[in-house]
$ cat upload.tsv   # TSV, C-alpha atoms and all ligand atoms
chain	number	residue	atom	x	y	z
U	7	MET	CA	0.00	0.00	0.00
U	8	ILE	CA	1.19	3.47	-0.82
U	9	THR	CA	-0.17	6.57	0.88
U	10	LEU	CA	-0.76	9.56	-1.38
U	11	ASN	CA	-1.72	12.93	0.03
U	12	VAL	CA	-3.95	14.58	-2.54
U	13	ASN	CA	-5.60	17.93	-1.79
U	14	ASN	CA	-4.84	17.49	1.92
U	15	LYS	CA	-6.47	14.09	2.10
U	16	ASN	CA	-4.64	10.78	2.48
U	17	TYR	CA	-5.46	7.96	0.09
U	18	GLU	CA	-4.16	4.40	0.49
U	19	VAL	CA	-3.57	3.06	-2.98
U	20	ASP	CA	-2.56	-0.45	-3.90
U	21	VAL	CA	-0.61	0.23	-7.08
U	22	ASP	CA	2.76	-0.42	-8.69
U	23	PRO	CA	5.14	2.32	-7.45
U	24	ASN	CA	6.16	2.84	-11.08
U	25	MET	CA	2.61	3.70	-12.13
U	26	PRO	CA	2.33	7.25	-13.52
U	27	LEU	CA	0.84	9.52	-10.88
U	28	LEU	CA	-1.79	10.60	-13.41
U	29	TRP	CA	-3.18	7.05	-13.54
U	30	ALA	CA	-3.41	6.87	-9.76
U	31	ILE	CA	-5.10	10.26	-9.50
U	32	ARG	CA	-7.67	9.63	-12.21
U	33	ASP	CA	-8.29	5.89	-12.28
U	34	VAL	CA	-7.59	4.83	-8.71
U	35	ILE	CA	-8.51	7.88	-6.62
U	36	GLY	CA	-11.15	9.07	-9.06
U	37	LEU	CA	-10.24	12.74	-9.40
U	38	THR	CA	-10.74	13.25	-13.11
U	39	GLY	CA	-10.17	17.00	-13.36
U	40	THR	CA	-6.56	16.36	-14.36
U	41	LYS	CA	-6.39	15.39	-18.02
U	42	TYR	CA	-4.39	12.98	-20.14
U	43	GLY	CA	-3.09	14.57	-23.32
U	44	CYS	CA	0.13	13.08	-24.65
U	45	GLY	CA	1.52	10.87	-21.90
U	46	VAL	CA	5.10	11.95	-22.65
U	47	ALA	CA	5.50	15.33	-20.94
U	48	GLN	CA	4.88	17.30	-24.11
U	49	CYS	CA	1.52	19.00	-23.62
U	50	GLY	CA	1.00	19.99	-19.97
U	51	ALA	CA	-2.62	18.77	-19.71
U	52	CYS	CA	-1.70	16.54	-16.77
U	53	THR	CA	0.01	19.23	-14.68
U	54	VAL	CA	-0.50	18.92	-10.92
U	55	HIS	CA	1.45	20.41	-8.02
U	56	LEU	CA	3.93	18.22	-6.21
U	57	ASP	CA	5.10	20.11	-3.15
U	58	SER	CA	4.01	23.27	-4.96
U	59	GLU	CA	5.88	22.59	-8.21
U	60	ALA	CA	4.00	22.09	-11.49
U	61	VAL	CA	5.02	18.55	-12.39
U	62	ARG	CA	3.66	16.55	-15.28
U	63	SER	CA	1.88	13.66	-13.70
U	64	CYS	CA	1.97	11.47	-16.81
U	65	VAL	CA	5.74	10.95	-16.42
U	66	THR	CA	5.95	11.26	-12.63
U	67	ARG	CA	5.93	7.92	-10.88
U	68	VAL	CA	3.74	7.28	-7.87
U	69	SER	CA	6.92	6.50	-5.90
U	70	ARG	CA	8.15	10.09	-6.38
U	71	ALA	CA	4.90	11.52	-5.06
U	72	GLU	CA	4.82	9.41	-1.91
U	73	GLY	CA	5.23	11.57	1.19
U	74	GLN	CA	4.70	14.80	-0.77
U	75	LYS	CA	1.78	17.16	-1.03
U	76	ILE	CA	-0.09	16.61	-4.27
U	77	THR	CA	-2.54	19.30	-5.40
U	78	THR	CA	-4.83	18.81	-8.36
U	79	ILE	CA	-7.19	21.27	-10.01
U	80	GLU	CA	-9.89	20.13	-7.56
U	81	GLY	CA	-7.73	21.36	-4.68
U	82	LEU	CA	-6.33	24.58	-6.15
U	83	SER	CA	-8.73	26.59	-3.98
U	84	GLU	CA	-11.41	25.88	-1.39
U	85	ASN	CA	-14.35	27.22	-3.38
U	86	ASN	CA	-13.03	27.50	-6.91
U	87	ASP	CA	-12.10	31.06	-6.00
U	88	HIS	CA	-8.39	31.26	-6.75
U	89	PRO	CA	-7.88	34.61	-8.55
U	90	LEU	CA	-6.95	32.63	-11.65
U	91	GLN	CA	-10.17	30.64	-11.57
U	92	ILE	CA	-12.20	33.82	-11.18
U	93	ALA	CA	-10.33	35.53	-14.00
U	94	TRP	CA	-10.70	32.45	-16.22
U	95	ASN	CA	-14.41	32.52	-15.62
U	96	GLU	CA	-14.73	36.22	-16.14
U	97	LEU	CA	-12.98	36.16	-19.49
U	98	SER	CA	-14.48	32.84	-20.61
U	99	VAL	CA	-11.00	31.58	-21.33
U	100	PRO	CA	-11.65	27.92	-22.17
U	101	GLN	CA	-13.01	26.73	-25.46
U	102	CYS	CA	-13.21	22.94	-25.28
U	103	GLY	CA	-11.59	23.20	-21.85
U	104	TYR	CA	-9.45	20.08	-22.08
U	105	CYS	CA	-6.10	21.82	-21.49
U	106	HIS	CA	-7.24	24.21	-18.79
U	107	SER	CA	-6.68	22.21	-15.63
U	108	GLY	CA	-3.06	22.10	-16.67
U	109	GLN	CA	-3.03	25.75	-17.75
U	110	LEU	CA	-4.37	26.85	-14.37
U	111	MET	CA	-1.95	24.71	-12.37
U	112	SER	CA	0.99	26.13	-14.33
U	113	ALA	CA	-0.27	29.69	-14.09
U	114	ALA	CA	-0.67	29.29	-10.32
U	115	VAL	CA	3.06	28.58	-9.95
U	116	LEU	CA	3.87	31.61	-12.09
U	117	LEU	CA	1.71	33.93	-9.98
U	118	ARG	CA	3.10	32.56	-6.73
U	119	GLU	CA	6.70	33.15	-7.82
U	120	ASN	CA	6.08	36.32	-9.79
U	121	PRO	CA	2.98	38.21	-8.65
U	122	ASN	CA	3.34	40.80	-11.39
U	123	PRO	CA	4.32	38.94	-14.57
U	124	THR	CA	5.07	40.64	-17.87
U	125	ASP	CA	4.02	39.11	-21.19
U	126	GLU	CA	7.51	37.65	-21.44
U	127	ASP	CA	7.27	36.07	-17.99
U	128	ILE	CA	3.96	34.53	-19.03
U	129	ASP	CA	5.60	33.08	-22.14
U	130	ASP	CA	8.45	31.71	-20.03
U	131	ALA	CA	6.01	30.00	-17.70
U	132	MET	CA	3.23	28.89	-20.00
U	133	ALA	CA	4.79	27.89	-23.33
U	134	GLY	CA	4.83	24.25	-22.23
U	135	ASN	CA	1.06	24.08	-21.91
U	136	ILE	CA	-0.39	23.42	-25.32
U	137	CYS	CA	-3.92	24.51	-26.21
U	138	ARG	CA	-5.34	22.80	-29.26
U	139	CYS	CA	-8.12	25.41	-29.43
U	140	GLY	CA	-5.64	28.29	-29.38
U	141	THR	CA	-6.93	30.15	-26.32
U	142	TYR	CA	-3.48	31.58	-25.66
U	143	LEU	CA	-4.44	35.23	-25.91
U	144	ARG	CA	-7.25	34.85	-23.40
U	145	ILE	CA	-4.94	32.89	-21.10
U	146	ARG	CA	-2.48	35.77	-21.17
U	147	LYS	CA	-5.24	38.31	-20.47
U	148	ALA	CA	-6.63	36.25	-17.61
U	149	ILE	CA	-3.23	35.89	-15.97
U	150	HIS	CA	-2.81	39.68	-16.02
U	151	LEU	CA	-6.32	40.07	-14.61
U	152	ALA	CA	-5.66	37.56	-11.83
U	153	ALA	CA	-2.37	39.31	-11.02
U	154	ASN	CA	-4.27	42.60	-10.65
U	155	MET	CA	-6.88	41.00	-8.43
U	156	GLN	CA	-4.16	39.52	-6.26
U	157	LYS	CA	-2.40	42.87	-6.05
U	158	ASN	CA	-5.55	44.75	-5.10
U	159	GLY	CA	-6.38	42.16	-2.49
U	160	ASN	CA	-9.75	41.35	-3.96
U	161	THR	CA	-11.06	38.40	-5.83
U	162	LYS	CA	-13.31	40.28	-8.17
U	163	GLY	CA	-12.35	41.19	-11.70
A	21	MET	CA	74.99	27.17	32.01
A	22	LYS	CA	76.99	27.63	28.83
A	23	GLN	CA	78.38	31.05	28.05
A	24	PRO	CA	77.86	32.47	24.55
A	25	SER	CA	81.56	32.00	23.85
A	26	GLU	CA	81.24	28.33	24.63
A	27	ILE	CA	78.59	27.74	21.99
A	28	LYS	CA	80.21	26.05	19.07
A	29	SER	CA	80.52	28.48	16.18
A	30	PRO	CA	79.02	27.17	12.92
A	31	ASN	CA	81.37	25.35	10.69
A	32	ILE	CA	82.46	27.59	7.78
A	33	LEU	CA	82.49	24.60	5.38
A	34	SER	CA	78.84	23.68	6.04
A	35	VAL	CA	77.72	27.29	5.51
A	36	LYS	CA	79.33	27.17	2.07
A	37	LYS	CA	77.67	23.83	1.34
A	38	VAL	CA	74.25	25.21	2.25
A	39	LEU	CA	74.83	28.26	0.05
A	40	VAL	CA	75.83	26.14	-2.95
A	41	ILE	CA	72.89	23.79	-2.54
A	42	SER	CA	70.42	26.69	-2.20
A	43	LEU	CA	71.85	28.31	-5.32
A	44	MET	CA	71.46	25.05	-7.26
A	45	LEU	CA	67.87	24.63	-6.05
A	46	CYS	CA	67.11	28.18	-7.12
A	47	CYS	CA	68.46	27.52	-10.60
A	48	ILE	CA	66.41	24.32	-10.92
A	49	VAL	CA	63.22	26.12	-9.93
A	50	ILE	CA	63.89	29.00	-12.34
A	51	ILE	CA	64.67	26.66	-15.25
A	52	ALA	CA	61.64	24.50	-14.50
A	53	SER	CA	59.27	27.43	-14.42
A	54	ALA	CA	60.70	28.76	-17.68
A	55	PHE	CA	59.87	25.44	-19.35
A	56	LYS	CA	56.45	25.27	-17.76
A	57	GLN	CA	55.01	28.08	-19.88
A	58	LYS	CA	51.42	27.78	-18.75
A	59	ILE	CA	49.01	28.66	-21.50
A	60	ASN	CA	46.24	29.37	-19.08
A	61	SER	CA	44.92	32.85	-18.60
A	62	PRO	CA	45.84	34.83	-15.52
A	63	GLY	CA	43.78	33.86	-12.54
A	64	ILE	CA	44.40	30.17	-13.11
A	65	ALA	CA	44.44	28.44	-9.79
A	66	ILE	CA	45.14	24.88	-10.78
A	67	ALA	CA	48.50	23.59	-9.61
A	68	VAL	CA	49.86	21.01	-11.99
A	69	ASN	CA	52.73	18.71	-11.18
A	70	ILE	CA	55.73	19.78	-13.25
A	71	ALA	CA	57.08	16.25	-13.41
A	72	ASN	CA	53.96	15.20	-15.34
A	73	ASP	CA	53.86	18.19	-17.61
A	74	ASP	CA	53.66	17.03	-21.19
A	75	SER	CA	52.02	19.61	-23.40
A	76	ALA	CA	51.79	17.47	-26.53
A	77	THR	CA	50.20	14.47	-24.78
A	78	SER	CA	47.91	16.78	-22.86
A	79	ALA	CA	46.66	18.82	-25.83
A	80	GLN	CA	46.23	15.65	-27.87
A	81	ALA	CA	44.09	14.12	-25.15
A	82	PHE	CA	41.98	17.25	-25.01
A	83	LEU	CA	41.06	16.86	-28.66
A	84	GLN	CA	39.44	13.56	-27.74
A	85	VAL	CA	37.72	15.16	-24.77
A	86	TYR	CA	36.54	17.95	-27.06
A	87	SER	CA	34.84	15.52	-29.44
A	88	VAL	CA	32.71	14.38	-26.48
A	89	LEU	CA	31.97	17.86	-25.12
A	90	MET	CA	30.77	18.93	-28.57
A	91	SER	CA	28.38	15.98	-28.82
A	92	PRO	CA	24.69	16.83	-28.33
A	93	ARG	CA	24.60	14.82	-25.12
A	94	CYS	CA	26.98	17.32	-23.51
A	95	MET	CA	26.52	20.50	-25.51
A	96	ASN	CA	22.72	20.58	-25.30
A	97	CYS	CA	22.99	21.57	-21.65
A	98	HIS	CA	25.90	23.97	-22.24
A	99	PRO	CA	24.25	26.31	-24.74
A	100	ALA	CA	25.49	29.75	-25.74
A	101	GLY	CA	22.08	31.28	-25.01
A	102	ASN	CA	19.76	30.94	-22.04
A	103	ARG	CA	17.74	28.08	-23.40
A	104	PRO	CA	18.74	24.43	-23.38
A	105	LEU	CA	19.06	22.55	-26.67
A	106	GLN	CA	17.50	19.28	-27.73
A	107	GLY	CA	18.09	16.45	-30.14
A	108	ASP	CA	21.06	15.39	-32.22
A	109	ASP	CA	20.64	18.60	-34.26
A	110	ASN	CA	20.95	20.85	-31.17
A	111	HIS	CA	17.65	22.62	-31.80
A	112	ILE	CA	16.37	24.94	-29.10
A	113	HIS	CA	14.40	23.06	-26.45
A	114	THR	CA	10.71	23.10	-27.22
A	115	MET	CA	8.36	24.88	-24.81
A	116	ASN	CA	10.62	27.92	-24.54
A	117	VAL	CA	12.35	26.40	-21.52
A	118	GLN	CA	14.69	28.93	-19.86
A	119	ARG	CA	17.89	28.49	-17.89
A	120	GLY	CA	16.67	30.43	-14.82
A	121	LYS	CA	19.00	31.83	-12.19
A	122	ASP	CA	20.07	28.50	-10.75
A	123	GLY	CA	20.06	26.65	-14.08
A	124	LYS	CA	16.99	24.64	-13.08
A	125	GLY	CA	14.37	26.38	-15.19
A	126	LEU	CA	11.65	28.88	-14.44
A	127	TYR	CA	8.13	28.90	-12.95
A	128	ALA	CA	6.07	26.03	-14.34
A	129	LEU	CA	8.95	24.96	-16.59
A	130	LYS	CA	11.54	23.76	-14.11
A	131	CYS	CA	13.70	20.91	-15.35
A	132	SER	CA	12.52	18.40	-12.78
A	133	ASN	CA	8.87	19.01	-13.62
A	134	CYS	CA	9.43	16.71	-16.60
A	135	HIS	CA	12.92	15.24	-16.16
A	136	GLN	CA	12.64	12.57	-13.49
A	137	ALA	CA	15.39	10.97	-11.43
A	138	GLU	CA	15.62	8.31	-14.14
A	139	ASN	CA	14.91	8.09	-17.87
A	140	THR	CA	11.25	7.85	-18.77
A	141	ALA	CA	10.59	4.87	-21.03
A	142	GLY	CA	9.52	5.44	-24.62
A	143	LEU	CA	10.40	7.52	-27.63
A	144	HIS	CA	10.75	11.30	-27.21
A	145	THR	CA	10.19	11.06	-23.49
A	146	PRO	CA	12.34	13.11	-21.12
A	147	PRO	CA	15.67	11.57	-20.15
A	148	GLY	CA	16.31	11.81	-16.42
A	149	ASN	CA	18.80	12.24	-13.64
A	150	PRO	CA	18.40	13.51	-10.06
A	151	LYS	CA	20.79	16.37	-10.85
A	152	TRP	CA	19.26	17.44	-14.17
A	153	GLN	CA	20.05	21.13	-14.82
A	154	LEU	CA	22.01	23.65	-16.87
A	155	PRO	CA	24.94	25.60	-15.47
A	156	PRO	CA	23.64	28.56	-13.43
A	157	ALA	CA	23.19	32.04	-14.91
A	158	ASP	CA	26.28	33.46	-13.18
A	159	MET	CA	28.58	30.67	-14.47
A	160	LYS	CA	27.25	29.54	-17.81
A	161	MET	CA	30.18	27.31	-18.83
A	162	VAL	CA	29.22	27.56	-22.50
A	163	PHE	CA	30.42	24.79	-24.85
A	164	GLN	CA	28.38	25.75	-27.92
A	165	GLY	CA	30.48	27.56	-30.50
A	166	LYS	CA	33.78	27.21	-28.61
A	167	SER	CA	36.96	26.09	-30.37
A	168	ALA	CA	39.03	23.34	-28.75
A	169	HIS	CA	41.58	25.98	-27.76
A	170	ASP	CA	39.03	28.25	-26.10
A	171	LEU	CA	37.16	25.47	-24.38
A	172	ALA	CA	40.33	23.98	-22.88
A	173	LEU	CA	41.30	27.39	-21.49
A	174	GLN	CA	37.81	27.88	-20.11
A	175	ILE	CA	37.71	24.54	-18.33
A	176	MET	CA	41.14	25.08	-16.77
A	177	ASP	CA	40.20	28.55	-15.56
A	178	TYR	CA	39.02	28.43	-11.97
A	179	ASN	CA	36.98	31.57	-12.51
A	180	ARG	CA	35.12	30.13	-15.48
A	181	ASN	CA	34.85	26.42	-14.65
A	182	GLY	CA	32.49	26.55	-11.69
A	183	HIS	CA	35.42	27.20	-9.30
A	184	LYS	CA	36.87	23.74	-9.65
A	185	ASN	CA	40.46	22.96	-8.65
A	186	LYS	CA	42.42	20.16	-10.23
A	187	GLU	CA	40.99	17.43	-7.99
A	188	GLN	CA	37.45	18.66	-8.51
A	189	LEU	CA	37.99	18.78	-12.26
A	190	LEU	CA	39.23	15.18	-12.25
A	191	GLU	CA	36.22	14.25	-10.15
A	192	HIS	CA	33.85	16.00	-12.54
A	193	ALA	CA	34.34	13.37	-15.23
A	194	ARG	CA	33.00	10.85	-12.68
A	195	ASP	CA	29.94	12.97	-11.86
A	196	THR	CA	26.71	11.01	-12.24
A	197	LEU	CA	25.14	13.70	-14.45
A	198	VAL	CA	28.17	13.68	-16.77
A	199	LYS	CA	28.07	9.89	-16.88
A	200	ALA	CA	24.35	10.00	-17.67
A	201	GLY	CA	25.30	11.44	-21.06
A	202	TRP	CA	26.06	7.86	-22.10
A	203	ASN	CA	22.66	6.57	-21.02
A	204	MET	CA	20.01	9.03	-22.18
A	205	GLY	CA	17.58	6.45	-23.50
A	206	GLY	CA	15.44	6.68	-26.62
A	207	ASP	CA	17.23	7.00	-29.93
A	208	ARG	CA	19.70	9.61	-28.70
A	209	THR	CA	23.18	9.17	-30.17
A	210	PRO	CA	25.76	8.61	-27.43
A	211	PRO	CA	28.99	10.67	-27.38
A	212	PRO	CA	31.65	9.51	-29.87
A	213	LEU	CA	33.98	7.98	-27.22
A	214	ALA	CA	33.07	5.20	-24.80
A	215	TYR	CA	32.66	6.57	-21.27
A	216	ASP	CA	35.81	4.88	-19.93
A	217	ASP	CA	37.86	6.22	-22.84
A	218	PHE	CA	36.50	9.69	-22.17
A	219	VAL	CA	37.56	9.51	-18.50
A	220	LYS	CA	41.00	8.27	-19.59
A	221	ALA	CA	41.41	11.14	-22.05
A	222	TRP	CA	40.14	13.64	-19.46
A	223	ASP	CA	42.64	12.41	-16.85
A	224	THR	CA	45.48	12.37	-19.37
A	225	TRP	CA	44.67	15.94	-20.41
A	226	ILE	CA	44.58	17.30	-16.87
A	227	ASN	CA	47.36	15.20	-15.33
A	228	ASN	CA	49.72	16.28	-18.08
A	229	GLY	CA	49.19	19.93	-17.46
A	230	GLY	CA	45.74	20.78	-18.82
A	231	TYR	CA	47.17	22.28	-22.01
A	232	ALA	CA	45.04	23.78	-24.75
A	233	PRO	CA	45.49	22.71	-28.37
A	234	PRO	CA	46.83	25.61	-30.44
A	235	ALA	CA	44.39	28.27	-31.59
A	236	LYS	CA	43.60	27.87	-35.26
O	1	LIG	S1	-0.30	14.24	-20.72
O	1	LIG	FE1	1.32	14.80	-19.45
O	1	LIG	S2	2.28	16.35	-20.57
O	1	LIG	FE2	0.80	15.63	-21.95
O	2	LIG	S1	-9.37	24.96	-24.78
O	2	LIG	FE1	-9.37	23.25	-26.05
O	2	LIG	S2	-7.34	22.53	-25.87
O	2	LIG	FE2	-7.27	24.36	-24.80
$ encode --input "upload.tsv" --output "structure tokens" --more "lines below"
Ligand code: FES
Ligand code: FES
Amino acid sequence: MITLNVNNKNYEVDVDPNMPLLWAIRDVIGLTGTKYGCGVAQCGACTVHLDSEAVRSCVTRVSRAEGQKITTIEGLSENNDHPLQIAWNELSVPQCGYCHSGQLMSAAVLLRENPNPTDEDIDDAMAGNICRCGTYLRIRKAIHLAANMQKNGNTKG
Amino acid sequence: MKQPSEIKSPNILSVKKVLVISLMLCCIVIIASAFKQKINSPGIAIAVNIANDDSATSAQAFLQVYSVLMSPRCMNCHPAGNRPLQGDDNHIHTMNVQRGKDGKGLYALKCSNCHQAENTAGLHTPPGNPKWQLPPADMKMVFQGKSAHDLALQIMDYNRNGHKNKEQLLEHARDTLVKAGWNMGGDRTPPPLAYDDFVKAWDTWINNGGYAPPAK
């Protein structure tokens, strides 16, 4: 048995320690907000936080995640009210939506480390998250909006 | 108690002997340093044993070392710019990955977000190592675009080689991240020398004085 701490809750999972974390999160624990895109660390759809870093869960083994804090899109905020989630909503960023769990988890690391990102900083942080629908311009806008909300201490756009 | 006059005065003959021997030693040191002719830039802090100094053997060995350092498996993480390279054609790493201050990437694109402690199975999957990173921003240790002459000087320069002395340089060839260059998985071409031959050439280069091949 392996204990995984996901969104502040412990789960006992009986899986091969080499299983990709994404499999455990989706198929064993049942949190399906995190998506499977490529399976080879190329698209970013499967991004979750492992001790606050935006790892790609499709290539991260369960054994690496043991004893660490795993956060998925379901646990990014208590009430879906992270400034990024509010900004995403406000600007209707997603189209099909498939890539956006990963987009949000990556953007959250950017905003934590750089509360006032420039366009270039956003490129540096987000270029690894592919969006098949091409919502990149709205993603950029929403990150700026969320940064402003964070700065002004409110969660309204 | 002995009086000063009772203390035996030094023997004149032995004073002469000491003088002659010191003079000879001086000459030997001066001649040796004249032959040593270090090619390294000022600021070099690597002491090399004169007895092993052999510039031809050393520079020759470096040419072998150089063939490895210029291979994609080494050069891709020693780029001239601030972005790592990928593939046998040294293209810029996809995803706009940046070096970052510590050489470990930036924000959501830190090296270890994709590169695991070990290679990930499959084609075009990230190779891995627990130490995966580029040189840090304040000590870039660029290989890309360097001639053999320039690169040898750079590696032997304490102020440009990550502050490594001779022992640490010798050790570096045994570093697990360096060694990982021979086991990157997928269809990645390994460096042109076998790992053991690389270490041999590296040691030969440094132990014989760390000489640079002539500038072209
Ligand atoms: S599914 Fe993990 S990066 Fe694409
Ligand atoms: S919204 Fe469809 S892939 Fe990004």
$ interface_residues --input "upload.tsv" --of "chain A" --to "chain U" --cutoff "10 Å" --atoms "all atoms listed in the file" --output "short mmCIF file (atom, residue, chain, number, x, y, z; two decimals) with C-alpha atoms, in the coordinates of the input"
data_model
loop_
_atom_site.label_atom_id
_atom_site.label_comp_id
_atom_site.auth_asym_id
_atom_site.auth_seq_id
_atom_site.Cartn_x
_atom_site.Cartn_y
_atom_site.Cartn_z
CA THR A 114 10.71 23.10 -27.22
CA MET A 115 8.36 24.88 -24.81
CA ASN A 116 10.62 27.92 -24.54
CA VAL A 117 12.35 26.40 -21.52
CA GLN A 118 14.69 28.93 -19.86
CA GLY A 120 16.67 30.43 -14.82
CA GLY A 125 14.37 26.38 -15.19
CA LEU A 126 11.65 28.88 -14.44
CA TYR A 127 8.13 28.90 -12.95
CA ALA A 128 6.07 26.03 -14.34
CA LEU A 129 8.95 24.96 -16.59
CA LYS A 130 11.54 23.76 -14.11
CA CYS A 131 13.70 20.91 -15.35
CA SER A 132 12.52 18.40 -12.78
CA ASN A 133 8.87 19.01 -13.62
CA CYS A 134 9.43 16.71 -16.60
CA HIS A 135 12.92 15.24 -16.16
CA GLN A 136 12.64 12.57 -13.49
CA ALA A 137 15.39 10.97 -11.43
CA ASN A 139 14.91 8.09 -17.87
CA THR A 140 11.25 7.85 -18.77
CA ALA A 141 10.59 4.87 -21.03
CA GLY A 142 9.52 5.44 -24.62
CA LEU A 143 10.40 7.52 -27.63
CA HIS A 144 10.75 11.30 -27.21
CA THR A 145 10.19 11.06 -23.49
CA PRO A 146 12.34 13.11 -21.12
#
$ axis_aligned_box --input "upload.tsv" --around "ligand LIG 1 (chain O)" --padding-each-side "5 Å" --output "AutoDock Vina command-line options"
--center_x 1.0 --center_y 15.3 --center_z -20.7 --size_x 12.6 --size_y 12.1 --size_z 12.5
$ residues_around --input "upload.tsv" --residues "Pro23 (chain U)" --least-positions-apart "6" --cutoff "12 Å" --atoms "all atoms listed in the file" --output "VMD selection string"
chain U and resid 7 to 10 29 to 30 66 to 72
$ write_last_selection --input "upload.tsv" --atoms "C-alpha atoms" --output "PDB file, in the coordinates of the input"
ATOM      1  CA  MET U   7       0.000   0.000   0.000  1.00  0.00           C
ATOM      2  CA  ILE U   8       1.190   3.470  -0.820  1.00  0.00           C
ATOM      3  CA  THR U   9      -0.170   6.570   0.880  1.00  0.00           C
ATOM      4  CA  LEU U  10      -0.760   9.560  -1.380  1.00  0.00           C
ATOM      5  CA  TRP U  29      -3.180   7.050 -13.540  1.00  0.00           C
ATOM      6  CA  ALA U  30      -3.410   6.870  -9.760  1.00  0.00           C
ATOM      7  CA  THR U  66       5.950  11.260 -12.630  1.00  0.00           C
ATOM      8  CA  ARG U  67       5.930   7.920 -10.880  1.00  0.00           C
ATOM      9  CA  VAL U  68       3.740   7.280  -7.870  1.00  0.00           C
ATOM     10  CA  SER U  69       6.920   6.500  -5.900  1.00  0.00           C
ATOM     11  CA  ARG U  70       8.150  10.090  -6.380  1.00  0.00           C
ATOM     12  CA  ALA U  71       4.900  11.520  -5.060  1.00  0.00           C
ATOM     13  CA  GLU U  72       4.820   9.410  -1.910  1.00  0.00           C
TER      14      GLU U  72
END
$ residues_near_ligand --input "upload.tsv" --ligand "ligand LIG 2 (chain O)" --cutoff "10 Å" --atoms "only C-alpha atoms and all ligand atoms" --output "MDAnalysis selection string"
chainID U and resid 43 49 51 99:109 135:142 145
$ write_last_selection --input "upload.tsv" --atoms "C-alpha atoms" --output "tab-separated table (two decimals), keeping the file's coordinate frame"
chain	number	residue	atom	x	y	z
U	43	GLY	CA	-3.09	14.57	-23.32
U	49	CYS	CA	1.52	19.00	-23.62
U	51	ALA	CA	-2.62	18.77	-19.71
U	99	VAL	CA	-11.00	31.58	-21.33
U	100	PRO	CA	-11.65	27.92	-22.17
U	101	GLN	CA	-13.01	26.73	-25.46
U	102	CYS	CA	-13.21	22.94	-25.28
U	103	GLY	CA	-11.59	23.20	-21.85
U	104	TYR	CA	-9.45	20.08	-22.08
U	105	CYS	CA	-6.10	21.82	-21.49
U	106	HIS	CA	-7.24	24.21	-18.79
U	107	SER	CA	-6.68	22.21	-15.63
U	108	GLY	CA	-3.06	22.10	-16.67
U	109	GLN	CA	-3.03	25.75	-17.75
U	135	ASN	CA	1.06	24.08	-21.91
U	136	ILE	CA	-0.39	23.42	-25.32
U	137	CYS	CA	-3.92	24.51	-26.21
U	138	ARG	CA	-5.34	22.80	-29.26
U	139	CYS	CA	-8.12	25.41	-29.43
U	140	GLY	CA	-5.64	28.29	-29.38
U	141	THR	CA	-6.93	30.15	-26.32
U	142	TYR	CA	-3.48	31.58	-25.66
U	145	ILE	CA	-4.94	32.89	-21.10
$ residues_around --input "upload.tsv" --residues "region 79-83 of chain A" --least-positions-apart "6" --cutoff "7 Å" --atoms "only C-alpha atoms" --output "PDB file with C-alpha atoms, in the frame of the given file"
ATOM      1  CA  ALA A 168      39.030  23.340 -28.750  1.00  0.00           C
ATOM      2  CA  ALA A 221      41.410  11.140 -22.050  1.00  0.00           C
ATOM      3  CA  TRP A 222      40.140  13.640 -19.460  1.00  0.00           C
ATOM      4  CA  THR A 224      45.480  12.370 -19.370  1.00  0.00           C
ATOM      5  CA  TRP A 225      44.670  15.940 -20.410  1.00  0.00           C
ATOM      6  CA  TYR A 231      47.170  22.280 -22.010  1.00  0.00           C
ATOM      7  CA  ALA A 232      45.040  23.780 -24.750  1.00  0.00           C
ATOM      8  CA  PRO A 233      45.490  22.710 -28.370  1.00  0.00           C
TER       9      PRO A 233
END
$ atom_distance --input "upload.tsv" --atom1 "CA of Asp125 (chain U)" --atom2 "CA of Ile149 (chain U)"
9.5 Å
$ atom_distance --input "upload.tsv" --atom1 "CA of Gln106 (chain A)" --atom2 "CA of Arg93 (chain A)"
8.8 Å
$ closest_residue --input "upload.tsv" --among "U:Pro26, U:Gly73, U:Pro89, U:Gly81" --to "ligand LIG 1 (chain O)" --atoms "only C-alpha atoms and all ligand atoms"
U:Pro26
$ closest_residue --input "upload.tsv" --among "U:Leu82, U:Ile92, U:Leu143, U:Cys44" --to "ligand LIG 1 (chain O)" --atoms "only C-alpha atoms and all ligand atoms"
U:Cys44
$ closest_residue --input "upload.tsv" --among "U:Cys52, U:Leu37, U:Leu27, U:Val19" --to "ligand LIG 1 (chain O)" --atoms "all atoms listed in the file"
U:Cys52
$ closest_residue --input "upload.tsv" --among "U:Thr40, U:Lys15, U:Asp33, U:Met25" --to "ligand LIG 1 (chain O)" --atoms "all atoms listed in the file"
U:Thr40
$ atom_distance --input "upload.tsv" --atom1 "CA of Gln156 (chain U)" --atom2 "CA of Lys75 (chain U)"
23.7 Å
$ closest_residue --input "upload.tsv" --among "U:Leu28, U:Ala152, U:Ile35, U:Val21" --to "ligand LIG 1 (chain O)" --atoms "all atoms listed in the file"
U:Leu28
$ decode --input "upload.tsv" --residues "region 143-154 of chain U" --atoms "C-alpha atoms" --output "mmCIF file, in the first residue's frame"
data_model
loop_
_atom_site.group_PDB
_atom_site.id
_atom_site.type_symbol
_atom_site.label_atom_id
_atom_site.label_comp_id
_atom_site.auth_asym_id
_atom_site.auth_seq_id
_atom_site.Cartn_x
_atom_site.Cartn_y
_atom_site.Cartn_z
ATOM 1 C CA LEU U 143 -4.442 35.231 -25.910
ATOM 2 C CA ARG U 144 -7.249 34.854 -23.398
ATOM 3 C CA ILE U 145 -4.944 32.892 -21.102
ATOM 4 C CA ARG U 146 -2.477 35.773 -21.165
ATOM 5 C CA LYS U 147 -5.236 38.311 -20.468
ATOM 6 C CA ALA U 148 -6.633 36.249 -17.614
ATOM 7 C CA ILE U 149 -3.229 35.894 -15.965
ATOM 8 C CA HIS U 150 -2.815 39.679 -16.020
ATOM 9 C CA LEU U 151 -6.319 40.069 -14.612
ATOM 10 C CA ALA U 152 -5.659 37.562 -11.834
ATOM 11 C CA ALA U 153 -2.371 39.311 -11.018
ATOM 12 C CA ASN U 154 -4.267 42.596 -10.649
#
